[in-house]
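Source file: upload28.txt (compact mmCIF, C-alpha atoms and all ligand atoms)
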```txt
# COMPACT_ATOMS: atom_id res chain seq x y z
CA MET A 1 115.06 16.91 -33.14
CA SER A 2 114.57 13.60 -34.90
CA GLY A 3 111.26 14.76 -36.29
CA SER A 4 112.86 15.12 -39.67
CA ASP A 5 115.07 12.05 -39.66
CA LEU A 6 115.05 10.24 -42.94
CA ILE A 7 114.39 6.54 -42.63
CA MET A 8 114.68 4.42 -45.71
CA TYR A 9 113.11 0.98 -45.97
CA GLU A 10 113.89 -1.82 -48.38
CA GLU A 11 110.73 -1.43 -50.42
CA GLU A 12 111.08 2.29 -51.14
CA PHE A 13 114.80 2.01 -51.60
CA SER A 14 114.41 -0.45 -54.43
CA LYS A 15 111.81 1.77 -56.05
CA ILE A 16 114.24 4.69 -55.91
CA ASP A 17 117.00 2.53 -57.23
CA GLU A 18 114.85 1.42 -60.13
CA GLU A 19 113.91 5.00 -60.97
CA LEU A 20 117.56 6.08 -60.99
CA GLN A 21 118.57 3.16 -63.17
CA LYS A 22 115.86 4.09 -65.61
CA LEU A 23 116.95 7.72 -65.67
CA TYR A 24 120.56 6.68 -66.13
CA ILE A 25 119.73 4.57 -69.16
CA GLN A 26 117.24 6.96 -70.72
CA THR A 27 119.54 9.97 -70.50
CA ASN A 28 122.66 8.09 -71.56
CA ALA A 29 124.34 9.74 -68.57
CA LYS A 30 127.61 8.84 -66.87
CA VAL A 31 126.25 8.92 -63.35
CA VAL A 32 122.99 9.70 -61.70
CA PHE A 33 122.64 10.14 -57.97
CA LEU A 34 120.30 11.27 -55.28
CA VAL A 35 121.38 13.22 -52.21
CA ASP A 36 119.44 14.53 -49.27
CA LYS A 37 119.59 18.27 -48.63
CA ASN A 38 122.08 17.70 -45.83
CA GLY A 39 124.60 16.16 -48.15
CA GLN A 40 124.11 12.48 -47.51
CA LEU A 41 124.10 10.16 -50.48
CA ILE A 42 120.87 8.22 -50.82
CA ALA A 43 121.34 6.20 -53.99
CA SER A 44 123.22 6.22 -57.27
CA ALA A 45 123.36 4.61 -60.69
CA GLY A 46 126.02 4.40 -63.36
CA GLU A 47 129.80 4.62 -63.38
CA THR A 48 130.17 5.53 -59.72
CA ARG A 49 133.40 3.64 -59.26
CA GLU A 50 135.64 6.43 -60.47
CA ILE A 51 133.78 9.12 -58.61
CA ASP A 52 134.05 10.11 -54.96
CA THR A 53 130.29 10.13 -54.45
CA THR A 54 130.47 10.99 -50.74
CA SER A 55 132.38 14.20 -51.40
CA LEU A 56 130.27 14.97 -54.41
CA ALA A 57 127.11 14.57 -52.34
CA SER A 58 128.32 16.95 -49.66
CA LEU A 59 129.48 19.58 -52.15
CA THR A 60 126.27 19.35 -54.17
CA ALA A 61 124.22 19.92 -51.06
CA GLY A 62 126.49 22.86 -50.19
CA ASN A 63 125.95 24.22 -53.64
CA ILE A 64 122.16 23.96 -53.37
CA ALA A 65 122.26 25.46 -49.89
CA ALA A 66 124.35 28.39 -51.03
CA THR A 67 122.21 29.18 -54.05
CA GLY A 68 119.14 28.72 -51.85
CA GLY A 69 120.59 31.39 -49.56
CA ILE A 70 121.13 33.68 -52.52
CA ALA A 71 117.58 33.06 -53.71
CA ARG A 72 116.13 34.08 -50.38
CA LEU A 73 118.18 37.27 -50.41
CA LEU A 74 116.67 38.08 -53.78
CA GLY A 75 113.19 37.23 -52.64
CA GLU A 76 113.07 34.12 -54.81
CA LYS A 77 111.81 30.93 -53.26
CA GLU A 78 114.61 28.68 -54.37
CA PHE A 79 116.51 27.95 -57.55
CA THR A 80 115.32 24.48 -58.37
CA ILE A 81 117.75 23.75 -61.19
CA LEU A 82 121.49 24.32 -61.43
CA PHE A 83 123.52 23.48 -64.47
CA HIS A 84 127.30 23.55 -64.80
CA GLU A 85 129.00 23.02 -68.10
CA GLY A 86 132.51 21.66 -68.27
CA GLU A 87 134.91 20.87 -71.07
CA ASN A 88 133.93 17.22 -71.10
CA ASP A 89 131.39 16.65 -68.39
CA ASN A 90 128.29 18.57 -67.49
CA ILE A 91 126.34 18.43 -64.27
CA HIS A 92 122.63 18.96 -63.91
CA ILE A 93 121.37 19.45 -60.36
CA SER A 94 117.72 19.70 -59.46
CA LEU A 95 115.82 20.02 -56.26
CA ILE A 96 112.98 17.55 -55.86
CA GLY A 97 110.03 18.22 -53.62
CA GLN A 98 112.08 20.59 -51.43
CA ARG A 99 113.76 17.60 -49.88
CA VAL A 100 116.19 15.75 -52.08
CA ILE A 101 118.63 16.64 -54.80
CA LEU A 102 118.88 14.77 -58.08
CA VAL A 103 122.23 14.97 -59.85
CA VAL A 104 122.96 13.89 -63.41
CA ILE A 105 126.48 13.93 -64.77
CA PHE A 106 126.70 13.55 -68.53
CA ASP A 107 128.97 14.15 -71.50
CA LYS A 108 128.44 14.55 -75.22
CA ARG A 109 126.79 11.17 -75.52
CA SER A 110 123.78 12.94 -74.05
CA SER A 111 122.35 16.44 -74.23
CA LEU A 112 120.95 19.05 -71.90
CA GLY A 113 117.54 18.88 -73.58
CA LEU A 114 117.29 15.15 -73.06
CA VAL A 115 118.46 15.36 -69.46
CA ARG A 116 115.97 18.14 -68.69
CA LEU A 117 113.09 16.18 -70.14
CA ARG A 118 113.88 12.92 -68.38
CA VAL A 119 114.72 14.56 -65.07
CA LYS A 120 111.30 16.17 -65.08
CA LYS A 121 109.62 12.79 -65.50
CA SER A 122 111.74 11.11 -62.86
CA SER A 123 111.18 13.93 -60.41
CA GLU A 124 107.46 13.29 -60.38
CA ALA A 125 107.99 9.60 -59.71
CA LEU A 126 110.53 10.34 -56.96
CA VAL A 127 108.27 12.84 -55.23
CA THR A 128 105.64 10.14 -54.96
CA ILE A 129 108.11 7.67 -53.48
CA PHE A 130 109.36 10.17 -50.94
CA ASN A 131 105.84 10.98 -49.87
CA GLU A 132 105.36 7.28 -49.21
CA ILE A 133 108.51 7.24 -47.12
CA THR A 134 107.36 10.17 -45.03
CA ASN A 135 103.99 8.60 -44.38
CA LYS A 136 105.57 5.31 -43.48
CA SER A 137 108.14 6.70 -41.05
CA GLU A 138 105.48 8.73 -39.32
CA LYS A 139 103.32 5.69 -38.85
CA GLU A 140 106.20 3.53 -37.67
CA LYS A 141 107.31 6.13 -35.18
CA GLY A 142 103.90 6.20 -33.54
CA SER A 143 103.71 2.46 -33.08
CA ASP A 144 106.19 0.07 -31.50
CA SER A 145 106.34 -1.97 -34.64
CA LEU A 146 109.99 -1.23 -35.33
CA ASP A 147 111.12 -4.59 -34.03
CA GLU A 148 114.02 -4.43 -36.45
CA SER A 149 115.44 -1.30 -34.84
CA PRO A 150 119.20 -1.56 -34.50
CA PHE A 151 119.16 0.88 -31.62
CA ALA A 152 116.87 -0.79 -29.17
CA GLU A 153 119.61 -2.86 -27.62
CA ILE A 154 122.58 -0.67 -28.35
CA SER A 155 125.00 -0.81 -25.45
CA ASP A 156 127.75 1.46 -24.20
CA GLU A 157 130.13 -1.26 -25.25
CA ASP A 158 128.88 -1.14 -28.85
CA ILE A 159 129.53 2.57 -28.93
CA ASP A 160 132.96 2.26 -27.35
CA ASN A 161 133.90 -0.42 -29.85
CA LEU A 162 133.44 2.04 -32.70
CA PHE A 163 136.33 4.08 -31.40
CA LYS A 164 138.87 1.40 -30.67
CA MET B 1 118.78 14.75 -38.96
CA SER B 2 120.17 11.29 -39.19
CA PHE B 3 119.67 9.17 -42.23
CA ILE B 4 118.85 5.57 -41.43
CA ASN B 5 118.84 3.24 -44.39
CA TYR B 6 117.35 -0.17 -43.64
CA SER B 7 118.08 -1.28 -47.16
CA SER B 8 121.82 -0.71 -47.28
CA ARG B 9 121.99 -0.98 -43.47
CA GLU B 10 123.64 2.35 -42.86
CA ILE B 11 123.24 5.15 -40.36
CA ASN B 12 124.59 8.59 -41.21
CA CYS B 13 124.91 11.32 -38.60
CA LYS B 14 126.01 14.93 -38.96
CA ILE B 15 128.30 16.59 -36.44
CA VAL B 16 129.13 20.30 -36.72
CA TYR B 17 132.18 21.99 -35.20
CA TYR B 18 131.30 25.55 -34.25
CA GLY B 19 133.31 28.37 -32.68
CA PRO B 20 134.91 31.77 -33.27
CA GLY B 21 137.38 32.47 -36.06
CA LEU B 22 140.79 30.80 -35.65
CA CYS B 23 139.73 28.76 -32.61
CA GLY B 24 140.90 25.54 -34.27
CA LYS B 25 137.85 23.88 -35.85
CA THR B 26 139.58 23.02 -39.11
CA THR B 27 142.62 21.87 -37.16
CA ASN B 28 140.43 19.38 -35.25
CA LEU B 29 139.25 17.82 -38.52
CA GLN B 30 142.76 17.78 -39.94
CA TYR B 31 143.99 15.89 -36.89
CA VAL B 32 141.14 13.38 -37.05
CA TYR B 33 141.87 12.89 -40.74
CA LYS B 34 145.57 12.37 -40.12
CA LYS B 35 145.00 9.77 -37.42
CA THR B 36 142.23 7.71 -38.97
CA ASN B 37 142.83 4.54 -41.00
CA PRO B 38 142.48 5.06 -44.75
CA ASP B 39 139.65 2.54 -44.95
CA GLN B 40 137.65 4.46 -42.35
CA LYS B 41 137.73 7.89 -43.92
CA GLY B 42 136.84 9.72 -47.09
CA LYS B 43 138.50 12.84 -48.44
CA LEU B 44 138.84 15.90 -46.25
CA ILE B 45 137.22 18.64 -48.28
CA SER B 46 138.08 22.22 -47.33
CA LEU B 47 136.41 25.16 -48.98
CA ALA B 48 138.84 27.79 -47.81
CA THR B 49 140.28 31.18 -48.72
CA GLU B 50 143.85 31.54 -49.93
CA THR B 51 144.89 32.23 -46.36
CA GLU B 52 143.32 28.95 -45.22
CA ARG B 53 140.39 30.49 -43.45
CA THR B 54 137.27 28.42 -43.89
CA LEU B 55 135.09 30.03 -46.54
CA PHE B 56 132.09 27.72 -46.54
CA PHE B 57 132.85 24.47 -44.74
CA ASP B 58 135.23 21.59 -44.17
CA PHE B 59 133.83 18.12 -44.57
CA LEU B 60 135.19 14.79 -43.41
CA PRO B 61 133.21 11.55 -43.70
CA LEU B 62 134.13 8.80 -41.24
CA ALA B 63 132.98 5.21 -41.30
CA LEU B 64 134.00 3.90 -37.94
CA GLY B 65 132.43 0.49 -37.83
CA ASP B 66 129.24 -1.42 -37.23
CA ILE B 67 126.57 -1.48 -34.61
CA LYS B 68 124.18 -4.41 -34.74
CA GLY B 69 125.00 -4.94 -38.39
CA PHE B 70 124.51 -1.30 -39.33
CA LYS B 71 127.41 0.67 -40.77
CA VAL B 72 127.75 3.83 -38.69
CA ARG B 73 128.95 6.91 -40.52
CA PHE B 74 129.71 10.31 -39.06
CA HIS B 75 129.90 13.32 -41.32
CA LEU B 76 131.99 16.02 -39.67
CA TYR B 77 131.57 19.62 -40.76
CA THR B 78 133.15 22.88 -39.61
CA VAL B 79 131.59 26.29 -40.05
CA PRO B 80 133.50 29.43 -41.05
CA GLY B 81 134.10 31.26 -37.78
CA GLN B 82 134.64 34.76 -39.08
CA VAL B 83 131.74 36.98 -38.10
CA PHE B 84 130.80 38.06 -41.61
CA TYR B 85 130.15 34.50 -42.77
CA ALA B 86 126.97 34.35 -40.71
CA ALA B 87 124.77 33.30 -43.63
CA SER B 88 126.97 30.30 -44.43
CA ARG B 89 127.09 29.18 -40.81
CA LYS B 90 123.34 28.97 -40.74
CA LEU B 91 123.24 26.73 -43.81
CA ILE B 92 125.71 24.25 -42.39
CA LEU B 93 123.71 23.77 -39.20
CA LYS B 94 120.82 22.34 -41.21
CA GLY B 95 120.17 18.78 -40.25
CA VAL B 96 122.74 18.72 -37.47
CA ASP B 97 122.71 15.77 -35.03
CA GLY B 98 125.43 16.91 -32.67
CA VAL B 99 127.46 20.05 -31.99
CA VAL B 100 131.03 20.57 -30.83
CA PHE B 101 131.76 24.06 -29.64
CA VAL B 102 135.48 24.76 -29.94
CA ALA B 103 136.41 27.62 -27.62
CA ASP B 104 139.68 29.52 -27.95
CA SER B 105 141.31 29.47 -24.52
CA GLN B 106 143.30 32.66 -25.00
CA ILE B 107 142.09 35.33 -22.59
CA GLU B 108 141.72 37.92 -25.32
CA ARG B 109 139.35 35.61 -27.23
CA MET B 110 136.74 35.23 -24.46
CA GLU B 111 134.52 37.91 -25.92
CA ALA B 112 134.68 36.17 -29.31
CA ASN B 113 133.80 32.84 -27.68
CA ILE B 114 130.73 34.30 -26.01
CA GLU B 115 129.61 35.98 -29.19
CA SER B 116 130.01 32.79 -31.22
CA LEU B 117 128.11 30.76 -28.66
CA GLU B 118 125.22 33.21 -28.80
CA ASP B 119 125.33 33.09 -32.57
CA LEU B 120 125.15 29.28 -32.39
CA ARG B 121 122.13 29.35 -30.12
CA ILE B 122 120.30 31.83 -32.33
CA ASN B 123 121.10 30.04 -35.57
CA LEU B 124 119.98 26.71 -34.11
CA ALA B 125 116.77 28.24 -32.85
CA GLU B 126 116.04 29.59 -36.32
CA GLN B 127 116.13 26.02 -37.60
CA GLY B 128 113.93 24.82 -34.78
CA TYR B 129 116.68 23.30 -32.64
CA ASP B 130 117.38 23.95 -28.98
CA LEU B 131 121.04 23.78 -28.02
CA ASP B 132 120.01 22.48 -24.59
CA LYS B 133 118.40 19.45 -26.18
CA LEU B 134 121.04 18.56 -28.75
CA PRO B 135 124.04 16.28 -28.24
CA TYR B 136 126.63 18.89 -27.38
CA THR B 137 130.28 18.87 -26.29
CA ILE B 138 132.66 21.74 -25.56
CA GLN B 139 136.38 21.77 -26.26
CA HIS B 140 138.59 24.37 -24.61
CA ASN B 141 141.27 24.48 -27.27
CA LYS B 142 144.80 25.89 -27.48
CA ARG B 143 145.69 24.86 -23.93
CA ASP B 144 149.36 24.85 -24.98
CA LEU B 145 149.49 28.63 -25.24
CA PRO B 146 150.82 30.77 -22.37
CA ASN B 147 148.00 33.32 -22.21
CA VAL B 148 145.08 31.02 -21.53
CA ALA B 149 142.17 31.49 -19.13
CA PRO B 150 141.69 28.87 -16.40
CA VAL B 151 139.21 26.16 -17.48
CA GLU B 152 137.09 26.85 -14.39
CA SER B 153 136.40 30.39 -15.46
CA MET B 154 135.85 29.31 -19.06
CA ASN B 155 133.27 26.79 -17.94
CA LYS B 156 131.57 29.39 -15.80
CA LEU B 157 131.38 31.67 -18.81
CA LEU B 158 130.62 29.23 -21.62
CA ASN B 159 129.27 26.13 -19.97
CA PRO B 160 126.71 26.98 -17.29
CA ARG B 161 124.83 23.71 -17.89
CA ASN B 162 128.03 21.74 -17.36
CA VAL B 163 127.82 19.71 -20.57
CA PRO B 164 130.76 17.37 -21.26
CA TRP B 165 133.91 19.38 -21.91
CA PHE B 166 137.54 18.65 -22.73
CA GLU B 167 140.80 20.51 -22.83
CA GLY B 168 142.36 20.41 -26.26
CA VAL B 169 145.49 21.12 -28.22
CA ALA B 170 144.18 20.48 -31.70
CA VAL B 171 147.50 21.06 -33.46
CA THR B 172 149.14 18.13 -31.68
CA GLY B 173 146.07 16.09 -30.80
CA PRO B 174 145.29 16.03 -27.09
CA GLY B 175 141.53 16.21 -26.57
CA VAL B 176 140.63 15.87 -30.24
CA PHE B 177 139.40 12.27 -30.22
CA GLU B 178 138.02 12.56 -26.69
CA THR B 179 135.79 15.38 -27.91
CA LEU B 180 134.68 13.55 -31.04
CA LYS B 181 133.98 10.31 -29.20
CA ASN B 182 131.94 12.10 -26.61
CA VAL B 183 129.67 13.89 -29.02
CA ALA B 184 129.32 10.80 -31.24
CA LYS B 185 128.27 8.78 -28.24
CA GLN B 186 125.65 11.34 -27.31
CA VAL B 187 124.31 11.26 -30.87
CA LEU B 188 123.94 7.48 -30.81
CA ILE B 189 122.30 7.53 -27.40
CA GLU B 190 119.86 10.10 -28.73
CA LEU B 191 119.03 7.84 -31.68
CA LYS B 192 118.45 4.99 -29.29
CA LYS B 193 115.87 7.08 -27.47
CA HIS B 194 113.88 7.68 -30.61
CA TYR B 195 114.02 4.42 -32.52
N1 LIG C 201 149.04 26.80 -30.43
C1 LIG C 201 147.95 26.28 -30.94
N2 LIG C 201 147.53 26.67 -32.15
C2 LIG C 201 146.40 26.10 -32.65
C3 LIG C 201 145.67 25.11 -31.93
N3 LIG C 201 144.62 24.75 -32.68
C4 LIG C 201 144.68 25.47 -33.83
N4 LIG C 201 145.76 26.29 -33.81
C5 LIG C 201 146.19 27.22 -34.86
O1 LIG C 201 145.23 28.25 -34.99
C6 LIG C 201 145.14 28.69 -36.34
C7 LIG C 201 143.69 28.64 -36.80
O2 LIG C 201 143.24 27.31 -36.81
P1 LIG C 201 142.03 26.81 -37.71
O3 LIG C 201 141.79 25.40 -37.38
O4 LIG C 201 142.26 27.17 -39.12
O5 LIG C 201 140.86 27.73 -37.14
P2 LIG C 201 139.33 27.73 -37.54
O6 LIG C 201 138.56 27.65 -36.27
O7 LIG C 201 139.06 26.68 -38.54
O8 LIG C 201 139.16 29.17 -38.18
P3 LIG C 201 138.06 29.69 -39.25
O9 LIG C 201 138.11 28.75 -40.38
O10 LIG C 201 138.45 31.07 -39.64
O11 LIG C 201 136.76 29.67 -38.55
C8 LIG C 201 146.04 27.77 -37.14
O12 LIG C 201 147.25 28.45 -37.36
C9 LIG C 201 146.24 26.58 -36.22
O13 LIG C 201 147.48 25.96 -36.43
C10 LIG C 201 146.16 24.72 -30.63
O14 LIG C 201 145.60 23.88 -29.93
N5 LIG C 201 147.29 25.35 -30.19
MG MG C 202 138.33 26.71 -40.41
```
What is this file in structure tokens?
Amino acid sequence: MSGSDLIMYEEEFSKIDEELQKLYIQTNAKVVFLVDKNGQLIASAGETREIDTTSLASLTAGNIAATGGIARLLGEKEFTILFHEGENDNIHISLIGQRVILVVIFDKRSSLGLVRLRVKKSSEALVTIFNEITNKSEKEKGSDSLDESPFAEISDEDIDNLFK
Amino acid sequence: MSFINYSSREINCKIVYYGPGLCGKTTNLQYVYKKTNPDQKGKLISLATETERTLFFDFLPLALGDIKGFKVRFHLYTVPGQVFYAASRKLILKGVDGVVFVADSQIERMEANIESLEDLRINLAEQGYDLDKLPYTIQHNKRDLPNVAPVESMNKLLNPRNVPWFEGVAVTGPGVFETLKNVAKQVLIELKKHY
């Protein structure tokens, strides 16, 4: 079951963070964030304070999942880009390497053309980082080198304490 | 599929509430939402029809506390129980870490319970999961109603492996947190096995 667990380490996380910051600045966007296909927020950049990123992450993943379902019905592989235009804000959603979802929210300070172009560049960089993550977690899983694991000494008491 | 982030020191786990239409899945999440401290919960998102039937999913993120310095988050989802939403149900099971099966205790809903449980097994299998190997808890809901089947016969019918089960009245709360705690605990124990 845990074969597909996503484990994020410091090194890769900061690379992802850097990439998102770059994209945020280059596109002049309001917010940029990265979500896994199951709806969990991985990282974000920009004016996230005013946005409920947790809900947004879950709904974005739902959106991608639903259109993915439609695609399969039509015999398409997947729709890799979704774009929604609003009165003020626009949202550009793209699937990266079949695994993660890159979301850019922008207004008239930016443009769809610019976002498209920059997202394409960032996607390539992100795919590389995620491949590194996959390789790393597979290696770590095989060995006992995860001395940092928070779970090794987890006790019943720890678990009970969560629900006090 | 849990998401473990060593950088921000967070663990995210996904729990899905499954069961036939109107069995009380959404009601479970609403009760959890109502009774959780504001600082431990996000918004309850419900994608529902005008008659409050779940159309795609409900979603409730919970941040209950820390384990060994890691923030533990549970993301609760419900599926739409109505039979014709089969395609959506499948999508929501993706990446699941633990399952709660909410059974409707009313005698006339037993057939629907069995059908939904079979549907769950098949949909999990399609994603490469085996229900017998996943963290899994059953809730016999609506115990407050007069026309309910005895829990013994419900267990015989729906729970041959004797996984943890609870009686529930999701509208008023009994059994709701017991069920959630139980499945959450199984999820964490499972993580401990693997990492
Ligand atoms: N009497 C009683 N009613 C309940 C209980 N739990 C839920 N209900 C009621 O049953 C109805 C359906 O509940 P929901 O939680 O919307 O059911 P659901 O499983 O989410 O249904 P779908 O979204 O269609 O799959 C609502 O009117 C609830 O108030 C219970 O324990 N006892
Ligand atoms: Mg519902």
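The two atoms in question, CA of Thr27 (chain B) and atom C6 of ligand LIG 201 (chain C), are spaced 7.3 Å apart.
Closest approach to chain A among B:Leu191, B:Ile15, B:Leu158, B:Ile107 is made by B:Leu191 (distances from only C-alpha atoms).
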Q: Identify, on the basis of only C-alpha atoms, every residue whose closest approach to Ile42 (chain A) does not exceed 12 Å; exclude the query and any residue fewer than 6 positions from it along the same chain; express the result as JSON, numbers by chain.
A: {"A": [6, 7, 8, 9, 12, 13, 14, 16, 17, 20, 32, 33, 34, 35, 36, 53, 54, 57, 58, 99, 100, 101, 102, 103, 130], "B": [3, 4, 5, 6, 7, 8, 9, 10, 11, 12]}
Q. What residues in chain B have any atom no more than 8 Å from chain A when counting only C-alpha atoms, and can you write them as a PyMOL selection string?
A. chain B and resi 1-7+12+42-43+45+59+61+64-70+87-88+91-92+94-95+97+129+134+181+185+188+191-192+194-195
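Pocket residues of ligand LIG 201 (chain C), taken as those with any atom at most 7 Å away using all atoms listed in the file, are Gly19, Pro20, Gly21, Leu22, Cys23, Gly24, Lys25, Thr26, Thr27, Asn28, Glu52, Arg53, Thr54, Leu55, Val79, Pro80, Gly81, Gln82, Asn141, Lys142, Arg143, Asp144, Leu145, Gly168, Val169, Ala170, Val171 and Thr172 of chain B.
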(Q) Report, in Å to a single decimal, how far apart CA of Thr137 (chain B) and CA of Val100 (chain B) are. (A) 4.9 Å
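Considering the residues A:Lys22, A:Asn63, A:Glu76, A:Gly46 and counting only C-alpha atoms, Ser122 (chain A) has its shortest atom-to-atom contact with A:Lys22.
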